[in-house]
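The next block holds one structure in the form of structure tokens; read it before the comments.
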Amino acid sequence: MDKRIDDEKSRDVAKARSFLLRVSVFMAPVALLFLIGEMLLWNLGENQPVAHVAAKQLQSTKPTLYSRNLMSQQFGIYKLAGIQLRSPEILVVGSSRVMQFRDFMFTPLERSFYNAGGIIQGIYDIESLAALIAEGKIAAPRLLVIGIDPWWLRSDDSQQAAGIFDSDDAYNFAGHVKALRSLVRRSLSGELAEALRRKRQSRFGDNKLGLAAIHSDSGFRNDGSRQYAREIVASFAEIEFIDREDPPVIDRIRGRIYQFAIPTVIDDARVSILLAAIGRLVASGVEVWAVMPPFAEESLAAIRGDAELDQFWNDYETLFPMLSQQGANTISMDQLGVHRMADEYMIDGFHPGEVYCAHFVLAMIEQAADDSLLKRIDARKLRQRIESAELPLAFGAVTD
Amino acid sequence: MLFNSFAFAIFLPIVFLCYWQLQCRSLRGQNLLLLAASYLFYSWWDWRFLGLIVVSSAVDYLVGVGLGATSHQHRRKALLWTSVLVNIGILGFFKYFGFFIDSFAQLLESVGVGANLPTLRIILPVGISFYTFQSLSYTIDVYRRQLQPTRDVLAFFAYVSFFPQLVAGPIERASSLLPQFFKVRHFDSELAKDGLRQILWGLVKKIVIADNLAGMVESIFANYQDFGGSTLFLGVVFFAIQIYCDFSGYSDIAIGTARLFGFELMRNFAYPYFSRDIGEFWRRWHISLSTWFRDYVYIPLGGSRGVSRGRHFAVLLITFTISGFWHGANWTFVIWGLLNGLFYLPLVITNRHKRYSEVVAKGKWLPNLRETIQIAVTFALTLIAWVFFRADSLSHAIGYLTHMATTSWTPTQWRSGIPYVVALLLIEWIQREKPHALAIGSSPLVVRWAVYYSVVAILFFYGNTGHVSFIYFQF
């Protein structure tokens with residue numbers, strides 16, 4: 001009797017194992033396709049963790065361009081990883097509107113520079129960053145340039161955050177599934193084959209990570225600044241201002257959408273948060289420069305032509321004296337004076353190009369106190385560089 | 001741990017392999033493994049609330065032992081009440097404390113008495129409504145002498161916390177599930193294969209249909225004032241399908257998973273949207289809960305036998321209302337339950353509530369006109385009730401229904417959800433005589449594998465990767 005039961009049990013174990021084997025055989029092709037896809041994604045630099053990419057960019061002596069497209073971009077955690085790995089003395093933070101500040105503008109301190117543009121998408125991100133610095137979780141920079149966008153101060157609860165505390169999609173199964181799904185679709189459209197061909201031919205070679213970087217030569221350089229290749233190449237043909245944002249900034253203003261959506265009223269609570277965060281940074285011994293990134297003339301005129309937006313803009317400008325009271329150095333478009341640039345120096349309605357940003361740096365140097373780190377920057381060299389710029393939008397060739 | 005997570009995809013084969021490896025060793029070893037796996041499964045969400053499952057299990061185990069040791073009626077009753085008070089007490093505190101305090105405060109305010117009553121921010125432990133009911137069914141059955149009390153503490157604890165159905169049912173009866181922990185389980189390849197098929201179909205319903213409709217439903221219900229009648233109608237249809245796919249998808253995965261371990265769980269859904277009246281709908285929707293309320297609330301309150309018609313109707317409405325309240329601490333659920341009771345009542349009055357037991361249009365391709373109208377009317381009634389179920393408040397529900405009835409029916413922008421609804425109804429209609437829609441065990445191997453790979457491809461390409469939680473986790 002016992003033997004019969006034991007036999008039955010043994011048969012159960014054998015049947016269960018055989019069942020699992022059959023399921024494994026069924027799943028093998030699926031797993032294989034998954035693996036091939038993952039290898040392709042790795043080769044393209046799409047599923048590499050952002051911290052890994054940031055480390056690679058830090059260690060690489062060659063220019064390395066990074067911009068993933070199949071997985072979500074996650075600027076916040078990528079830039080935070082860059083800051084943590086480098087502990088830069090000169091740090092630029094803000095939205096995409098400050099991404100054109102580059103290391104060579106700060107010669108001879110270029111190796112101490114990092115552009116974390118994109119790490120801040122709203123007022124709460126500034127608060128988080130100030131807390132991280134004050135608590136010593138990231139090393140305090142000596143000089144912090146912070147671009148403040150007016151819409152961060154709108155009382156709008158739907159504002160996005162940069163997600164600096166998010167987990168990397170590269171560690172998330174759903175992130176991989178989404179990336180693989182896009183990969184299959186791009187393969188079917190021939191885009192993948194084109195990307196792989198471009199990767200082989202590119203001057204960046206293996207140092208291009210992410211499909212956007214491979215495909216359009218656009219992405220983040222080693223110093224965190226962003227190369228807008230498509231826009232720069234387009235401006236070679238004819239040097240003129242084109243609002244390349246989609247939808248154009250002028251339409252956003254007129255249609256009161258996106259950053260200019262109603263309500264466009266300054267929220268006092270957000271102003272208080274900003275002032276407290278800046279005060280906290282100054283108290284941590286950081287030389288803070290609060291800057292107002294520029295708008296194209298036509299965008300500014302449209303803002304000024306709308307009564308509510310005009311009032312909003314006036315209120316936004318009153319913020320800067322308050323920031324000064326908190327101990328921050330401030331610089332706005334009006335203060336730029338002779339440096340105010342023509343619109344062809346703008347990538348679109350509200351993104352200044354590299355040369356524009358270089359003028360910002362010059363203005364800061366001129367305005368800086370004698371003991372400021374900015375006074376160590378070679379302004380003469382920067383002026384020479386500005387004068388020899390190939391284009392209003394960029395200092396040199398796309399892969400410079 | 002969610003069924004639709006990567007963690008579960010790793011967890012399940014490991015537990016499966018270890019479980020059948022233990023087959024040659026001991027039954028207790030297998031039960032111990034299931035208990036450990038179940039506790040790990042639950043702890044993945046929040047280990048601190050594991051204590052509640054342990055308390056509920058321990059109390060009901062001891063009450064069972066006590067009931068077995070005494071025939072003294074007063075003592076037996078006291079023991080039963082201990083079990084009821086502990087289980088309902090846990091449920092009441094975690095689920096209904098805030099609701100009662102808020103409702104009481106509103107009542108006082110309405111009579112002009114402002115009161116600062118204590119409020120606590122209580123987290124609702126996942127699955128609490130399910131495992132407390134399951135555990136309670138044991139003590140009630142033992143009290144009624146319909147079940148022998150067990151002294152096997154391991155089997156009992158494993159029964160209460162059995163991970164496939166721990167957090168969202170089916171709410172198993174002790175008389176059905178507990179004995180399965182006492183005897184040797186044999187691996188049945190056919191059962192396991194069908195279990196996997198049911199898991200696959202459950203995943204499609206959850207990840208592809210329910211989760212993709214969830215965003216649309218959320219947008220339509222949250223901004224209902226901005227939409228016309230046709231969009232609001234579509235919104236509630238989407239919700240009806242979403243909640244069905246979400247919940248029955250969970251049940252399918254639970255039943256399929258249990259089968260991999262040699263357990264049979266009760267069927268929880270039987271194509272409810274093809275019902276010809278509300279009576280049939282309730283025999284096909286959340287069957288384990290409906291029968292629980294029938295056996296442990298409706299019949300003890302008097303049921304239909306030997307009582308006046310008035311009392312019978314009152315008991316019926318009370319049962320439906322309580323079952324609504326079981327779903328959540330909000331008046332919307334109470335009204336949802338009451339509405340279903342009111343829809344059911346005319347059938348009882350005319351003694352037509354048990355007319356349909358077989359599947360509609362059995363053996364035919366299509367229903368006849370009468371059946372089609374019956375199905376449509378029944379579905380429409382459930383839709384009215386679903387508005388209350390989904391709404392945040394009674395005013396939200398009434399506003400939604402009013403807006404739907406009074407605004408123009410223009411073409412809607414939410415048409416992208418329609419293919420999910422049509423595909424589901426079509427597949428389920430074709431398969432309505434089978435236990436689940438992917439029951440294709442009798443088809444040729446090539447067809448089966450082609451279907452499996454197609455389903456995997458559908459999951460891959462159309463699955464929502466947002467890891468949307470199961471709706472019934474909050475109940």
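Labels for the structure tokens follow display order: chains A, B, ..., residues from 1 in each chain, ligands from 1.
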Show me, as a Markdown table, the residues of chain A having an atom within 8 Å of chain B, each with the closest atom pair and its distance in Å, using only C-alpha atoms.
```
| residue | atom | partner | partner_atom | distance |
| --- | --- | --- | --- | --- |
| A:Asp6 | CA | B:Cys24 | CA | 6.9 |
| A:Lys9 | CA | B:Cys24 | CA | 5.6 |
| A:Ser10 | CA | B:Cys24 | CA | 6.3 |
| A:Asp12 | CA | B:Phe187 | CA | 5.1 |
| A:Val13 | CA | B:Trp20 | CA | 5.5 |
| A:Lys15 | CA | B:Phe187 | CA | 6.8 |
| A:Ala16 | CA | B:Phe187 | CA | 6.4 |
| A:Arg17 | CA | B:Leu17 | CA | 7.5 |
| A:Phe19 | CA | B:Ser189 | CA | 6.8 |
| A:Phe173 | CA | B:Phe6 | CA | 6.5 |
| A:Ala174 | CA | B:Thr465 | CA | 5.2 |
| A:Gly175 | CA | B:Thr465 | CA | 7.7 |
| A:Val177 | CA | B:Phe460 | CA | 7.2 |
| A:Lys178 | CA | B:Thr465 | CA | 7.2 |
| A:Arg181 | CA | B:Phe461 | CA | 6.2 |
```
Using C-alpha atoms, can you write the selected residues to a file as a tab-separated table (two decimals), in the first residue's frame?
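Below is the file that was written, result20.tsv:
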```tsv
chain	number	residue	atom	x	y	z
A	6	ASP	CA	5.09	6.37	-2.89
A	9	LYS	CA	3.87	10.56	-5.42
A	10	SER	CA	6.99	9.95	-7.49
A	12	ASP	CA	3.38	13.33	-9.49
A	13	VAL	CA	6.84	14.83	-9.10
A	15	LYS	CA	4.69	14.86	-14.10
A	16	ALA	CA	5.13	18.27	-12.47
A	17	ARG	CA	8.73	18.46	-13.70
A	19	PHE	CA	4.93	20.00	-17.14
A	173	PHE	CA	10.17	45.27	-16.08
A	174	ALA	CA	7.39	47.44	-17.50
A	175	GLY	CA	9.98	49.89	-18.78
A	177	VAL	CA	8.44	45.84	-22.14
A	178	LYS	CA	7.58	49.33	-23.38
A	181	ARG	CA	7.45	47.10	-27.95
```
*Within 12 Å of Arg448 (chain B) using only C-alpha atoms, minus same-chain residues under 4 positions, as a ChimeraX atom specification*: /A:26 /B:193-194,197,438-444,452-455
Would you mind exporting C-alpha atoms of the selected residues as a PDB file, in the first residue's frame?
```pdb
ATOM      1  CA  PHE A  26       6.856  26.931 -24.923  1.00  0.00           C
TER       2      PHE A  26
ATOM      3  CA  LYS B 193      -2.622  23.005 -18.434  1.00  0.00           C
ATOM      4  CA  ASP B 194      -6.128  24.315 -18.150  1.00  0.00           C
ATOM      5  CA  ARG B 197      -4.848  28.717 -19.925  1.00  0.00           C
ATOM      6  CA  LEU B 438      -9.600  30.089 -23.198  1.00  0.00           C
ATOM      7  CA  ALA B 439     -10.815  26.558 -22.505  1.00  0.00           C
ATOM      8  CA  ILE B 440      -9.474  25.127 -25.762  1.00  0.00           C
ATOM      9  CA  GLY B 441      -8.032  21.892 -24.382  1.00  0.00           C
ATOM     10  CA  SER B 442      -9.842  19.803 -26.984  1.00  0.00           C
ATOM     11  CA  SER B 443      -8.444  21.710 -29.973  1.00  0.00           C
ATOM     12  CA  PRO B 444      -5.522  20.290 -31.982  1.00  0.00           C
ATOM     13  CA  TYR B 452      -1.171  30.693 -26.873  1.00  0.00           C
ATOM     14  CA  TYR B 453       1.490  32.546 -28.838  1.00  0.00           C
ATOM     15  CA  SER B 454      -1.130  34.971 -30.142  1.00  0.00           C
ATOM     16  CA  VAL B 455      -2.284  35.643 -26.604  1.00  0.00           C
TER      17      VAL B 455
END
```
*Ala51 (chain A): which residues within 7 Å, counting only C-alpha atoms, same-chain residues fewer than 2 positions away excluded, as a list in words?*
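Within the cut-off, the hits are Pro49, Val53, Ala54, Ala55, Tyr78 and Ala81 of chain A.
Minimum distance to Lys206 (chain B) across B:Thr139, B:Asn4, B:Thr410, B:Val15 (counting only C-alpha atoms) occurs at B:Asn4.
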*Between B:Thr378, B:Gln431, B:Thr82, B:Asn223, which has the minimum distance to Tyr273 (chain B) (counting only C-alpha atoms)?*
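Distance minimum relative to Tyr273 (chain B) lands on B:Thr378.
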*Contacts of Tyr124 (chain A) at 10 Å or less, counting only C-alpha atoms, minus same-chain residues fewer than 5 places along, as JSON, numbers by chain?*
{"A": [129, 130, 152, 159, 160, 161, 162, 270, 273, 274, 277]}
Since we have the selection now, will you write its residues out, keeping N, CA and C atoms, as a tab-separated table (two decimals), in the first residue's frame?
```tsv
chain	number	residue	atom	x	y	z
A	129	LEU	N	16.06	69.83	-4.33
A	129	LEU	CA	17.49	69.99	-4.59
A	129	LEU	C	18.16	70.73	-3.44
A	130	ALA	N	17.51	71.80	-2.98
A	130	ALA	CA	18.07	72.57	-1.87
A	130	ALA	C	18.21	71.68	-0.63
A	152	TRP	N	6.67	78.10	-13.28
A	152	TRP	CA	6.79	77.33	-12.04
A	152	TRP	C	6.01	77.96	-10.91
A	159	GLN	N	1.22	70.66	-12.51
A	159	GLN	CA	2.63	70.80	-12.92
A	159	GLN	C	3.40	69.51	-12.73
A	160	GLN	N	4.29	69.28	-13.67
A	160	GLN	CA	5.10	68.07	-13.63
A	160	GLN	C	6.29	68.29	-12.69
A	161	ALA	N	6.82	67.17	-12.23
A	161	ALA	CA	8.08	67.23	-11.48
A	161	ALA	C	9.12	66.46	-12.30
A	162	ALA	N	10.38	66.78	-12.06
A	162	ALA	CA	11.44	66.12	-12.85
A	162	ALA	C	11.64	64.68	-12.41
A	270	ARG	N	4.03	79.34	-3.65
A	270	ARG	CA	5.17	78.84	-4.43
A	270	ARG	C	6.35	79.82	-4.35
A	273	ILE	N	8.10	79.14	-1.19
A	273	ILE	CA	8.92	77.91	-1.26
A	273	ILE	C	10.23	78.21	-1.98
A	274	LEU	N	10.13	78.96	-3.07
A	274	LEU	CA	11.33	79.28	-3.85
A	274	LEU	C	12.30	80.11	-3.01
A	277	ALA	N	13.97	78.04	-0.39
A	277	ALA	CA	14.96	77.12	-0.96
A	277	ALA	C	16.24	77.87	-1.32
```
*helix (DSSP H, G or I) per DSSP on the backbone: members of region 151-396 of chain B, as a PyMOL selection string*: chain B and resi 153-161+163-165+174-182+189-222+224-226+229-260+272-274+278-284+287-298+309-327+331-349+369-390+394-396
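Every protein, DNA or RNA residue with an atom at most 12 Å from Arg230 (chain A), where only C-alpha atoms count and chain neighbours fewer than 2 positions away do not, is listed here: Ala212, Ala213, His215, Ser216, Asp217, Ser218, Gly219, Arg226, Gln227, Tyr228, Ile232, Val233, Ala234, Ser235, Phe236, Ala237, Arg244, Ile347, Leu393, Ala394, Ala397, Val398 and Thr399 of chain A.
Put simply, CA of Asn31 (chain B) is 26.8 Å away from CA of Leu203 (chain B).
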_Given only C-alpha atoms as the basis, pick out the residue of B:Phe281, B:Phe181, B:Phe233, B:Trp44 nearest to Glu264 (chain B)._
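Answer, going by the shortest atom-to-atom distance: B:Phe181.
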*Have a look at CA of Ser230 (chain B) and CA of Thr412 (chain B) and let me know their distance in Å, one decimal.*
6.5 Å
*Would you work out the distance separating CA of Leu183 (chain A) from CA of Phe34 (chain A), expressed in Å to one decimal?*
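Separation of CA of Leu183 (chain A) and CA of Phe34 (chain A): 11.0 Å.
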*Nearest to Leu65 (chain A): which of A:Gly118, A:Gly224, A:Gly147, A:Gly37 is it, counting only C-alpha atoms?*
A:Gly224
*asked:* as a list in words, please: every residue in region 33-258 of chain A that DSSP puts in strand (DSSP E).
replied: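 Output for region 33-258 of chain A, strand (DSSP E) only: Leu65, Tyr66, Ile90, Leu91, Val92, Val93, Gly94, Phe113, Tyr114, Asn115, Ala116, Gly117, Leu143, Leu144, Val145, Ile146, Gly147, Lys208, Leu209, Gly219, Phe220, Arg226 and Gln227 of chain A.
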Let me see the file: selected residues, C-alpha atoms, as a short mmCIF file (atom, residue, chain, number, x, y, z; two decimals), in the first residue's frame.
```cif
data_model
loop_
_atom_site.label_atom_id
_atom_site.label_comp_id
_atom_site.auth_asym_id
_atom_site.auth_seq_id
_atom_site.Cartn_x
_atom_site.Cartn_y
_atom_site.Cartn_z
CA LEU A 65 26.26 61.77 -26.62
CA TYR A 66 23.28 60.34 -24.74
CA ILE A 90 29.99 74.98 -10.94
CA LEU A 91 26.50 73.62 -11.41
CA VAL A 92 23.77 74.81 -13.73
CA VAL A 93 20.24 73.71 -12.92
CA GLY A 94 16.85 74.51 -14.37
CA PHE A 113 31.43 72.20 -14.46
CA TYR A 114 28.22 70.24 -14.91
CA ASN A 115 25.00 71.23 -16.61
CA ALA A 116 22.03 69.62 -14.89
CA GLY A 117 19.45 71.37 -17.07
CA LEU A 143 28.59 78.26 -7.76
CA LEU A 144 25.01 77.42 -8.64
CA VAL A 145 23.34 78.94 -11.69
CA ILE A 146 19.63 78.38 -11.52
CA GLY A 147 17.33 79.26 -14.39
CA LYS A 208 26.48 57.46 -28.93
CA LEU A 209 23.97 56.07 -26.50
CA GLY A 219 21.50 64.45 -26.82
CA PHE A 220 23.45 65.19 -23.68
CA ARG A 226 22.45 69.32 -24.76
CA GLN A 227 23.29 69.23 -28.43
#
```
